[in-house]
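Heads up, upload_21.cif below (mmCIF, C-alpha atoms (C1' of nucleotides)):
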data_work
loop_
_atom_site.label_atom_id
_atom_site.label_comp_id
_atom_site.auth_asym_id
_atom_site.auth_seq_id
_atom_site.Cartn_x
_atom_site.Cartn_y
_atom_site.Cartn_z
CA MET H 212 101.34 -145.59 -107.64
CA PHE H 213 101.32 -145.59 -103.86
CA PHE H 214 100.49 -149.10 -102.85
CA LEU H 215 100.23 -148.91 -99.09
CA LYS H 216 96.66 -149.65 -98.10
CA ASP H 217 96.71 -148.81 -94.41
CA LEU H 218 98.55 -145.63 -93.71
CA PRO H 219 100.75 -145.53 -90.64
CA THR H 220 99.09 -144.36 -87.47
CA ARG H 221 99.83 -140.97 -86.07
CA GLU H 222 101.48 -142.68 -83.15
CA MET H 223 103.84 -144.54 -85.44
CA ILE H 224 104.92 -141.36 -87.13
CA GLU H 225 105.35 -139.59 -83.83
CA GLY H 226 107.38 -142.52 -82.62
CA LEU H 227 109.63 -142.04 -85.58
CA ALA H 228 109.92 -138.37 -84.77
CA GLY H 229 112.09 -139.38 -81.86
CA ARG H 230 114.61 -140.77 -84.29
CA PHE H 231 115.24 -137.62 -86.27
CA ALA H 232 114.39 -133.98 -86.22
CA GLY H 233 111.72 -132.23 -88.23
CA ALA H 234 109.08 -134.91 -88.44
CA ASP H 235 105.66 -133.32 -88.68
CA ALA H 236 103.27 -136.19 -88.20
CA ASP H 237 100.13 -134.37 -89.29
CA ALA H 238 101.65 -132.95 -92.44
CA MET H 239 103.10 -136.33 -93.34
CA LEU H 240 99.78 -138.04 -92.79
CA ASP H 241 98.11 -135.49 -95.02
CA GLU H 242 100.59 -136.22 -97.78
CA LEU H 243 100.22 -139.96 -97.38
CA ARG H 244 96.44 -139.65 -97.57
CA LEU H 245 96.83 -137.55 -100.69
CA LEU H 246 99.07 -140.17 -102.27
CA ARG H 247 96.78 -143.01 -101.41
CA ARG H 248 93.63 -141.27 -102.56
CA ALA H 249 95.24 -140.22 -105.82
CA SER H 250 96.51 -143.73 -106.43
CA LEU H 251 93.06 -145.19 -106.01
CA ARG H 252 91.61 -142.53 -108.27
CA LEU H 253 94.32 -143.11 -110.80
CA ARG H 254 93.62 -146.81 -110.82
CA LEU H 255 89.93 -146.14 -111.33
CA VAL H 256 90.59 -143.87 -114.29
CA GLU H 257 93.20 -146.20 -115.71
CA ASN H 258 90.89 -149.20 -115.47
CA TYR H 259 88.21 -147.31 -117.31
CA LEU H 260 90.50 -146.26 -120.11
CA THR H 261 92.15 -149.67 -120.38
CA ALA H 262 88.73 -151.29 -120.70
CA GLN H 263 88.10 -148.91 -123.59
CA GLY H 264 91.39 -149.85 -125.20
CA LEU H 265 93.41 -146.73 -124.41
CA SER H 266 96.23 -146.14 -121.99
CA GLN H 267 96.34 -143.00 -119.85
CA THR H 268 99.18 -141.66 -121.92
CA GLN H 269 97.36 -142.29 -125.17
CA PHE H 270 94.33 -140.47 -123.81
CA LEU H 271 96.44 -137.53 -122.70
CA VAL H 272 98.17 -137.32 -126.07
CA LEU H 273 94.78 -136.82 -127.68
CA THR H 274 93.89 -134.35 -124.93
CA VAL H 275 96.83 -132.04 -125.43
CA ILE H 276 96.46 -131.93 -129.21
CA LEU H 277 92.70 -131.52 -129.30
CA ARG H 278 92.66 -128.79 -126.70
CA GLU H 279 95.15 -126.67 -128.63
CA PRO H 280 93.09 -123.68 -129.73
CA ASP H 281 94.91 -122.67 -132.92
CA ARG H 282 96.53 -125.92 -134.01
CA ASP H 283 95.30 -129.25 -135.17
CA SER H 284 98.62 -130.99 -134.82
CA LEU H 285 101.68 -130.88 -132.58
CA THR H 286 105.21 -132.14 -132.94
CA SER H 287 106.50 -134.91 -130.77
CA VAL H 288 108.56 -132.47 -128.76
CA GLU H 289 105.60 -130.19 -128.16
CA ILE H 290 103.60 -133.14 -126.88
CA ALA H 291 106.48 -134.23 -124.67
CA GLU H 292 106.69 -130.72 -123.23
CA ARG H 293 103.05 -130.87 -122.24
CA LEU H 294 103.11 -134.42 -120.94
CA ASP H 295 105.78 -135.21 -118.37
CA VAL H 296 106.88 -138.38 -120.18
CA SER H 297 110.25 -139.13 -121.71
CA ARG H 298 110.55 -138.86 -125.46
CA PRO H 299 111.26 -142.57 -125.96
CA VAL H 300 108.02 -143.40 -124.17
CA LEU H 301 106.16 -140.87 -126.26
CA SER H 302 107.73 -142.32 -129.37
CA LYS H 303 106.45 -145.78 -128.54
CA THR H 304 103.06 -144.45 -127.54
CA LEU H 305 102.69 -142.60 -130.82
CA ALA H 306 103.72 -145.72 -132.75
CA THR H 307 101.01 -147.67 -130.95
CA MET H 308 98.44 -144.96 -131.58
CA GLU H 309 99.32 -144.80 -135.24
CA ARG H 310 98.97 -148.56 -135.50
CA LYS H 311 95.51 -148.22 -133.96
CA GLY H 312 94.56 -145.46 -136.37
CA LEU H 313 94.11 -142.86 -133.64
CA ILE H 314 96.67 -140.44 -135.02
CA ALA H 315 98.38 -139.72 -138.31
CA ARG H 316 101.83 -138.35 -138.99
CA GLN H 317 102.34 -135.49 -141.38
CA PRO H 318 105.68 -134.24 -142.64
CA HIS H 319 106.82 -130.97 -141.10
CA GLY H 320 107.55 -128.51 -143.88
CA GLN H 321 110.38 -126.51 -142.33
CA ASP H 322 112.16 -129.13 -140.25
CA LYS H 323 112.57 -132.60 -141.68
CA ARG H 324 113.54 -133.96 -138.28
CA CYS H 325 110.09 -133.18 -136.92
CA VAL H 326 106.86 -134.97 -137.61
CA LEU H 327 103.49 -133.38 -136.99
CA ILE H 328 101.06 -135.52 -135.05
CA ALA H 329 97.36 -135.06 -135.74
CA PRO H 330 94.44 -137.08 -134.41
CA THR H 331 92.53 -138.90 -137.11
CA GLU H 332 88.79 -138.53 -137.32
CA ALA H 333 88.53 -141.90 -135.59
CA GLY H 334 90.93 -140.70 -132.92
CA THR H 335 88.90 -137.58 -132.29
CA GLN H 336 85.65 -139.54 -132.15
CA THR H 337 87.18 -142.09 -129.80
CA TYR H 338 88.35 -139.30 -127.54
CA LEU H 339 84.97 -137.59 -127.44
CA ALA H 340 83.24 -140.89 -126.84
CA LEU H 341 85.49 -141.66 -123.87
CA LEU H 342 85.32 -138.24 -122.24
CA PRO H 343 82.04 -138.71 -120.34
CA GLY H 344 83.20 -141.97 -118.83
CA TYR H 345 86.53 -140.38 -118.00
CA CYS H 346 84.78 -137.60 -116.13
CA ASP H 347 82.61 -140.12 -114.34
CA ALA H 348 85.69 -142.04 -113.24
CA LEU H 349 87.16 -138.77 -112.03
CA LEU H 350 84.16 -138.09 -109.81
CA ALA H 351 83.16 -141.61 -108.79
CA PRO H 352 83.39 -142.40 -105.08
CA LEU H 353 86.55 -144.21 -104.07
CA PRO H 354 86.73 -147.58 -102.28
CA ASP H 355 87.95 -145.63 -99.24
CA ASP H 356 89.88 -148.66 -98.06
CA GLY H 357 91.32 -146.89 -95.05
CA ALA H 358 87.90 -146.39 -93.48
CA SER H 359 86.82 -149.92 -94.34
CA LYS H 360 89.16 -151.20 -91.65
CA ASP H 361 86.91 -149.76 -89.01
CA PRO H 362 88.30 -150.48 -85.52
CA THR H 363 84.74 -150.81 -84.19
CA ALA H 364 84.11 -153.53 -86.75
CA THR H 365 87.28 -155.48 -86.12
CA GLY H 366 87.16 -155.22 -82.35
CA MET P 60 101.21 -141.47 -112.64
CA PHE P 61 99.19 -138.60 -114.02
CA PHE P 62 101.34 -137.04 -116.68
CA LEU P 63 99.38 -133.99 -117.76
CA LYS P 64 101.31 -130.90 -116.77
CA ASP P 65 98.79 -128.17 -117.49
CA LEU P 66 95.36 -129.05 -116.28
CA PRO P 67 92.42 -128.11 -118.48
CA THR P 68 90.94 -124.71 -117.85
CA ARG P 69 87.63 -124.37 -116.14
CA GLU P 70 86.22 -123.04 -119.38
CA MET P 71 87.30 -126.17 -121.23
CA ILE P 72 85.59 -128.39 -118.75
CA GLU P 73 82.47 -126.28 -118.80
CA GLY P 74 82.56 -126.42 -122.57
CA LEU P 75 82.56 -130.16 -122.32
CA ALA P 76 79.63 -130.01 -119.95
CA GLY P 77 77.51 -129.08 -122.92
CA ARG P 78 78.29 -132.46 -124.45
CA PHE P 79 76.97 -134.60 -121.66
CA ALA P 80 75.10 -134.28 -118.43
CA GLY P 81 76.56 -134.31 -114.96
CA ALA P 82 79.86 -132.55 -115.51
CA ASP P 83 80.88 -130.70 -112.41
CA ALA P 84 83.79 -128.56 -113.51
CA ASP P 85 84.96 -127.55 -110.07
CA ALA P 86 84.89 -131.04 -108.64
CA MET P 87 86.71 -132.39 -111.67
CA LEU P 88 89.37 -129.73 -111.43
CA ASP P 89 89.85 -130.57 -107.79
CA GLU P 90 90.39 -134.20 -108.65
CA LEU P 91 92.78 -133.36 -111.48
CA ARG P 92 94.79 -131.12 -109.17
CA LEU P 93 94.89 -133.93 -106.65
CA LEU P 94 96.14 -136.36 -109.27
CA ARG P 95 98.77 -134.01 -110.54
CA ARG P 96 100.04 -133.02 -107.12
CA ALA P 97 100.20 -136.61 -105.99
CA SER P 98 102.05 -137.63 -109.14
CA LEU P 99 104.69 -134.98 -108.57
CA ARG P 100 105.00 -136.01 -104.94
CA LEU P 101 105.21 -139.65 -105.90
CA ARG P 102 107.96 -138.92 -108.37
CA LEU P 103 109.87 -137.03 -105.71
CA VAL P 104 109.63 -139.89 -103.26
CA GLU P 105 110.41 -142.44 -105.93
CA ASN P 106 113.46 -140.55 -107.09
CA TYR P 107 114.75 -140.42 -103.54
CA LEU P 108 114.27 -144.12 -102.95
CA THR P 109 115.66 -145.09 -106.35
CA ALA P 110 118.78 -143.05 -105.67
CA GLN P 111 119.14 -145.06 -102.46
CA GLY P 112 118.75 -148.32 -104.35
CA LEU P 113 115.21 -149.23 -103.31
CA SER P 114 111.97 -149.20 -105.23
CA GLN P 115 108.78 -147.88 -103.65
CA THR P 116 107.41 -151.38 -103.39
CA GLN P 117 110.57 -152.68 -101.72
CA PHE P 118 110.41 -149.85 -99.21
CA LEU P 119 106.75 -150.54 -98.49
CA VAL P 120 107.42 -154.26 -98.03
CA LEU P 121 109.86 -153.39 -95.26
CA THR P 122 107.34 -150.90 -93.89
CA VAL P 123 104.49 -153.34 -93.49
CA ILE P 124 106.62 -156.03 -91.84
CA LEU P 125 108.51 -153.72 -89.52
CA ARG P 126 105.43 -151.91 -88.33
CA GLU P 127 103.71 -155.14 -87.32
CA PRO P 128 103.54 -154.91 -83.53
CA ASP P 129 103.57 -158.58 -82.56
CA ARG P 130 105.29 -160.18 -85.53
CA ASP P 131 108.73 -160.04 -87.02
CA SER P 132 107.79 -161.77 -90.26
CA LEU P 133 104.81 -162.00 -92.58
CA THR P 134 103.80 -164.42 -95.28
CA SER P 135 103.68 -163.35 -98.89
CA VAL P 136 99.90 -163.29 -98.83
CA GLU P 137 99.83 -161.12 -95.73
CA ILE P 138 102.14 -158.65 -97.40
CA ALA P 139 100.04 -158.71 -100.55
CA GLU P 140 96.94 -158.00 -98.46
CA ARG P 141 98.59 -154.91 -97.03
CA LEU P 142 100.12 -153.68 -100.28
CA ASP P 143 97.75 -153.35 -103.22
CA VAL P 144 100.10 -155.20 -105.59
CA SER P 145 99.48 -158.44 -107.41
CA ARG P 146 101.13 -161.53 -106.04
CA PRO P 147 103.36 -162.10 -109.05
CA VAL P 148 104.76 -158.60 -108.61
CA LEU P 149 105.28 -159.21 -104.94
CA SER P 150 106.97 -162.51 -105.72
CA LYS P 151 109.45 -160.79 -108.02
CA THR P 152 109.98 -157.96 -105.57
CA LEU P 153 110.74 -160.38 -102.76
CA ALA P 154 113.18 -162.27 -104.99
CA THR P 155 114.99 -159.03 -105.72
CA MET P 156 115.04 -158.09 -102.05
CA GLU P 157 116.38 -161.48 -101.07
CA ARG P 158 119.12 -161.16 -103.67
CA LYS P 159 120.02 -157.80 -102.13
CA GLY P 160 120.09 -159.27 -98.64
CA LEU P 161 117.23 -157.09 -97.40
CA ILE P 162 114.96 -159.96 -96.42
CA ALA P 163 115.29 -163.63 -95.59
CA ARG P 164 112.84 -166.45 -96.11
CA GLN P 165 111.98 -168.84 -93.31
CA PRO P 166 109.94 -172.01 -93.66
CA HIS P 167 106.43 -171.78 -92.30
CA GLY P 168 105.90 -174.55 -89.78
CA GLN P 169 102.21 -175.30 -90.29
CA ASP P 170 101.78 -174.60 -94.00
CA LYS P 171 104.49 -175.76 -96.37
CA ARG P 172 103.04 -173.62 -99.17
CA CYS P 173 103.78 -170.47 -97.23
CA VAL P 174 107.12 -168.84 -96.64
CA LEU P 175 107.70 -166.34 -93.86
CA ILE P 176 109.40 -163.14 -94.94
CA ALA P 177 111.55 -161.37 -92.37
CA PRO P 178 113.79 -158.33 -92.86
CA THR P 179 117.44 -159.06 -92.28
CA GLU P 180 119.43 -156.89 -89.92
CA ALA P 181 120.79 -155.12 -92.99
CA GLY P 182 117.27 -154.67 -94.31
CA THR P 183 116.11 -153.15 -91.05
CA GLN P 184 119.09 -150.82 -90.89
CA THR P 185 118.60 -149.79 -94.51
CA TYR P 186 114.98 -149.00 -93.79
CA LEU P 187 115.75 -146.93 -90.73
CA ALA P 188 118.50 -145.10 -92.56
CA LEU P 189 116.15 -144.19 -95.40
CA LEU P 190 113.20 -143.10 -93.27
CA PRO P 191 114.32 -139.52 -92.56
CA GLY P 192 114.95 -138.83 -96.24
CA TYR P 193 111.65 -140.44 -97.09
CA CYS P 194 109.86 -138.11 -94.69
CA ASP P 195 111.73 -135.16 -96.12
CA ALA P 196 110.63 -136.11 -99.63
CA LEU P 197 107.08 -136.37 -98.33
CA LEU P 198 107.16 -132.82 -97.02
CA ALA P 199 109.43 -131.12 -99.55
CA PRO P 200 107.84 -128.35 -101.61
CA LEU P 201 106.68 -129.44 -105.05
CA PRO P 202 107.77 -127.92 -108.37
CA ASP P 203 104.21 -126.53 -108.59
CA ASP P 204 104.40 -126.63 -112.36
CA GLY P 205 100.88 -125.38 -112.86
CA ALA P 206 101.61 -122.07 -111.16
CA SER P 207 104.94 -121.72 -112.93
CA LYS P 208 103.05 -121.04 -116.12
CA ASP P 209 101.95 -117.72 -114.69
CA PRO P 210 100.14 -115.65 -117.32
CA THR P 211 101.57 -112.47 -115.82
CA ALA P 212 105.06 -113.86 -116.28
CA THR P 213 104.63 -115.09 -119.83
CA GLY P 214 102.82 -111.95 -121.04
"C1'" DC V 65 90.58 -192.58 -96.85
"C1'" DG V 66 90.33 -190.53 -101.57
"C1'" DT V 67 89.27 -187.03 -104.70
"C1'" DA V 68 87.84 -182.25 -106.08
"C1'" DT V 69 88.58 -177.61 -104.89
"C1'" DT V 70 91.12 -173.92 -103.11
"C1'" DT V 71 95.28 -171.49 -101.93
"C1'" DC V 72 100.30 -170.31 -102.26
"C1'" DG V 73 104.13 -169.01 -104.82
"C1'" DT V 74 106.08 -168.93 -109.16
"C1'" DT V 75 106.70 -168.68 -114.20
"C1'" DA V 76 105.60 -166.93 -118.82
"C1'" DC V 77 104.33 -163.21 -121.38
"C1'" DC V 78 102.94 -158.50 -122.26
"C1'" DA V 79 102.52 -153.26 -121.57
"C1'" DT V 80 104.66 -149.23 -120.15
"C1'" DG V 81 107.92 -146.41 -117.66
"C1'" DC V 82 113.09 -145.05 -117.59
"C1'" DT V 83 118.16 -143.87 -119.28
"C1'" DA V 84 121.83 -144.26 -122.68
"C1'" DA V 85 123.08 -143.92 -127.14
"C1'" DC V 86 122.56 -143.67 -132.14
"C1'" DG V 87 121.75 -141.69 -137.06
"C1'" DA V 88 119.71 -137.88 -139.50
"C1'" DA V 89 118.70 -133.10 -139.79
"C1'" DT V 90 119.46 -128.47 -138.30
"C1'" DC V 91 121.96 -124.61 -136.41
"C1'" DG V 92 126.07 -121.78 -135.23
"C1'" DT V 93 130.08 -120.12 -136.63
"C1'" DA V 94 134.47 -119.63 -138.76
"C1'" DT C 54 130.90 -123.56 -147.67
"C1'" DA C 55 132.51 -126.67 -144.00
"C1'" DC C 56 132.54 -128.48 -139.54
"C1'" DG C 57 131.24 -128.99 -134.60
"C1'" DA C 58 127.30 -128.79 -131.52
"C1'" DT C 59 122.55 -129.38 -130.85
"C1'" DT C 60 118.00 -131.30 -131.56
"C1'" DC C 61 114.61 -134.85 -133.17
"C1'" DG C 62 112.98 -139.35 -133.22
"C1'" DT C 63 114.14 -143.96 -132.53
"C1'" DT C 64 116.31 -148.21 -130.77
"C1'" DA C 65 118.38 -151.08 -127.12
"C1'" DG C 66 118.30 -152.64 -122.64
"C1'" DC C 67 116.43 -152.55 -118.00
"C1'" DA C 68 112.88 -152.26 -114.13
"C1'" DT C 69 108.40 -152.79 -112.67
"C1'" DG C 70 103.44 -153.05 -113.25
"C1'" DG C 71 99.60 -156.43 -114.96
"C1'" DT C 72 96.98 -161.20 -116.16
"C1'" DA C 73 96.92 -166.18 -117.19
"C1'" DA C 74 98.29 -170.43 -115.91
"C1'" DC C 75 101.02 -173.95 -113.59
"C1'" DG C 76 102.72 -177.35 -109.82
"C1'" DA C 77 102.67 -178.22 -104.89
"C1'" DA C 78 100.32 -178.14 -100.64
"C1'" DA C 79 96.27 -177.71 -97.88
"C1'" DT C 80 91.35 -178.14 -97.32
"C1'" DA C 81 86.50 -179.78 -98.05
"C1'" DC C 82 83.69 -183.33 -98.43
"C1'" DG C 83 81.70 -187.66 -99.92
#

If you took the structure in this file and wrote it as structure tokens, what would it be?
Amino acid sequence: MFFLKDLPTREMIEGLAGRFAGADADAMLDELRLLRRASLRLRLVENYLTAQGLSQTQFLVLTVILREPDRDSLTSVEIAERLDVSRPVLSKTLATMERKGLIARQPHGQDKRCVLIAPTEAGTQTYLALLPGYCDALLAPLPDDGASKDPTATG
Amino acid sequence: MFFLKDLPTREMIEGLAGRFAGADADAMLDELRLLRRASLRLRLVENYLTAQGLSQTQFLVLTVILREPDRDSLTSVEIAERLDVSRPVLSKTLATMERKGLIARQPHGQDKRCVLIAPTEAGTQTYLALLPGYCDALLAPLPDDGASKDPTATG
DNA sequence: CGTATTTCGTTACCATGCTAACGAATCGTA
DNA sequence: TACGATTCGTTAGCATGGTAACGAAATACG
């Protein structure tokens, strides 16, 4: 998360440009705006999911399994490959999801080290029930906190 | 952080549109791309700062105090107002920063509940030393993991 | 002035991210 | 077959988010 509410002014960045070479104030501002907007969006989505009892990662675990066209289960490693999280985190997430009854583990025939992870019926239904709200959160207008500090209002 | 590496295809989203009203596949894809790009950028910046011994929040605390034009210290609440983090988190962050010698606490004359937070000389120097690398991380090209899964390359 | 309310900073506790490291299973190779 | 290297999943330990709740100080108000 990028927590800075008010981005630096262009003047500030240009002032910094004097200190070192290669500072491109406009490009940096664009990136900062991107970070801030995404953080607000992320918080919106996360709040929605949390209120529904799922973490982002739990939701995405269901996503990557359910969207697999020819499979109805994935191994832990396959999920980790699709989900930029470390395997220990995934391990804990899957333990939580199993405890909640969202997924079930099945033994992997060939490789006894692996476990196949499949959503339960409840897990699938939960996912489908949450999708509309997830999409809403994705498209909902943002607080736009930068613009709320309108200079004409404060002055 | 948004951990999904491969965004859903447009077809997937449009398939979902059949399930509920109001799904705008293109707008949703735009938002997902935004989230993913920002997460990669955030990780880049965070990795840089972590390697230098600072967390994002610590860096931003220095940012908001040092960029204050007429002040050389802020209260905890003022920092919290500028930095979308909860006060307990800020409290812990400030304790860590004090332990590291990045900031110093001064008593607030009028209000004995408040404490004024000022960067130490070392804190200021650390901040200035990290700024160029921070800007570099902000502008560095991203892994672009979505495009790396080029169908023409895999097929 | 005296008391209720609010505000500040902190503590306690929990969830979730990370790396390091471990046992168990598999693979590679002599 | 036997043994070293690798891979899978987990555990341990740490950092950093969050909310709830607390004491101390300031404020509001009768």

field: Residues matched by the PyMOL selection byres ((chain P and resi 100-107) around 12) as a count of residues only
entry: 54

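Of the residues under consideration (P:Arg164, P:Lys171, P:Arg126, P:Arg146), P:Arg126 shows the shortest atom-to-atom contact distance to chain H when counting all atoms listed in the file.
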
Test item: chain C residues at most 12 Å from chain P, counting all atoms listed in the file, as a list in words: DA68, DT69, DG70, DG71, DT72, DA73, DA74, DG76, DA77, DA78, DA79 and DT80 of chain C

- request: Do a neighbour search on DC91 of chain V at 12 Å with all atoms listed in the file, toss out local chain neighbours closer than 6 positions, and write the hits as an MDAnalysis selection string.
  value: (chainID H and resid 322) or (chainID C and resid 56:60)

- prompt: Written as number ranges by chain, what is the full residue list that the PyMOL selection byres ((chain V and resi 76) around 10) yields on the file shown?
  reply: V: 74-75, 77-78; C: 73-75

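As for atom C1' of DT90 of chain V and atom CA of Gly320 of chain H, they are spaced 13.2 Å apart.
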
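Those residues positioned at most 12 Å from (98.9, -161.8, -91.6) are Val123, Ile124, Glu127, Pro128, Asp129, Arg130, Asp131, Ser132, Leu133, Thr134, Ser135, Val136, Glu137, Ile138, Ala139, Glu140, Arg141, Leu142, Cys173, Val174, Leu175 and Ile176 of chain P, judged using all atoms listed in the file.
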
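Picture a line from atom CA of Asp83 of chain P to atom CA of Ala333 of chain H; it runs 26.9 Å.
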
field: Answer key for the PyMOL selection byres ((chain V and resi 85) around 9), residues as a PyMOL selection string
entry: (chain V and resi 84+86) or (chain C and resi 64-65)

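Interatomic distance, atom CA of Ala340 of chain H to atom CA of Leu277 of chain H: 13.5 Å.
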
Taking all atoms of segment 61-68 of chain C that appear in the file, build a box with edges along x, y and z, extend it by 6 Å on every side, and state its centre and edge lengths in Å to one decimal, as JSON.
{"center_x": 115.6, "center_y": -143.7, "center_z": -123.7, "size_x": 17.5, "size_y": 29.8, "size_z": 31.1}

- request: Considering all atoms listed in the file, return as a list in words whatever protein or nucleic-acid residues lie within 12 Å of DA68 of chain V, sequence-local ones (same chain, fewer than 5 positions apart) excluded.
  value: DT80, DA81, DC82 and DG83 of chain C
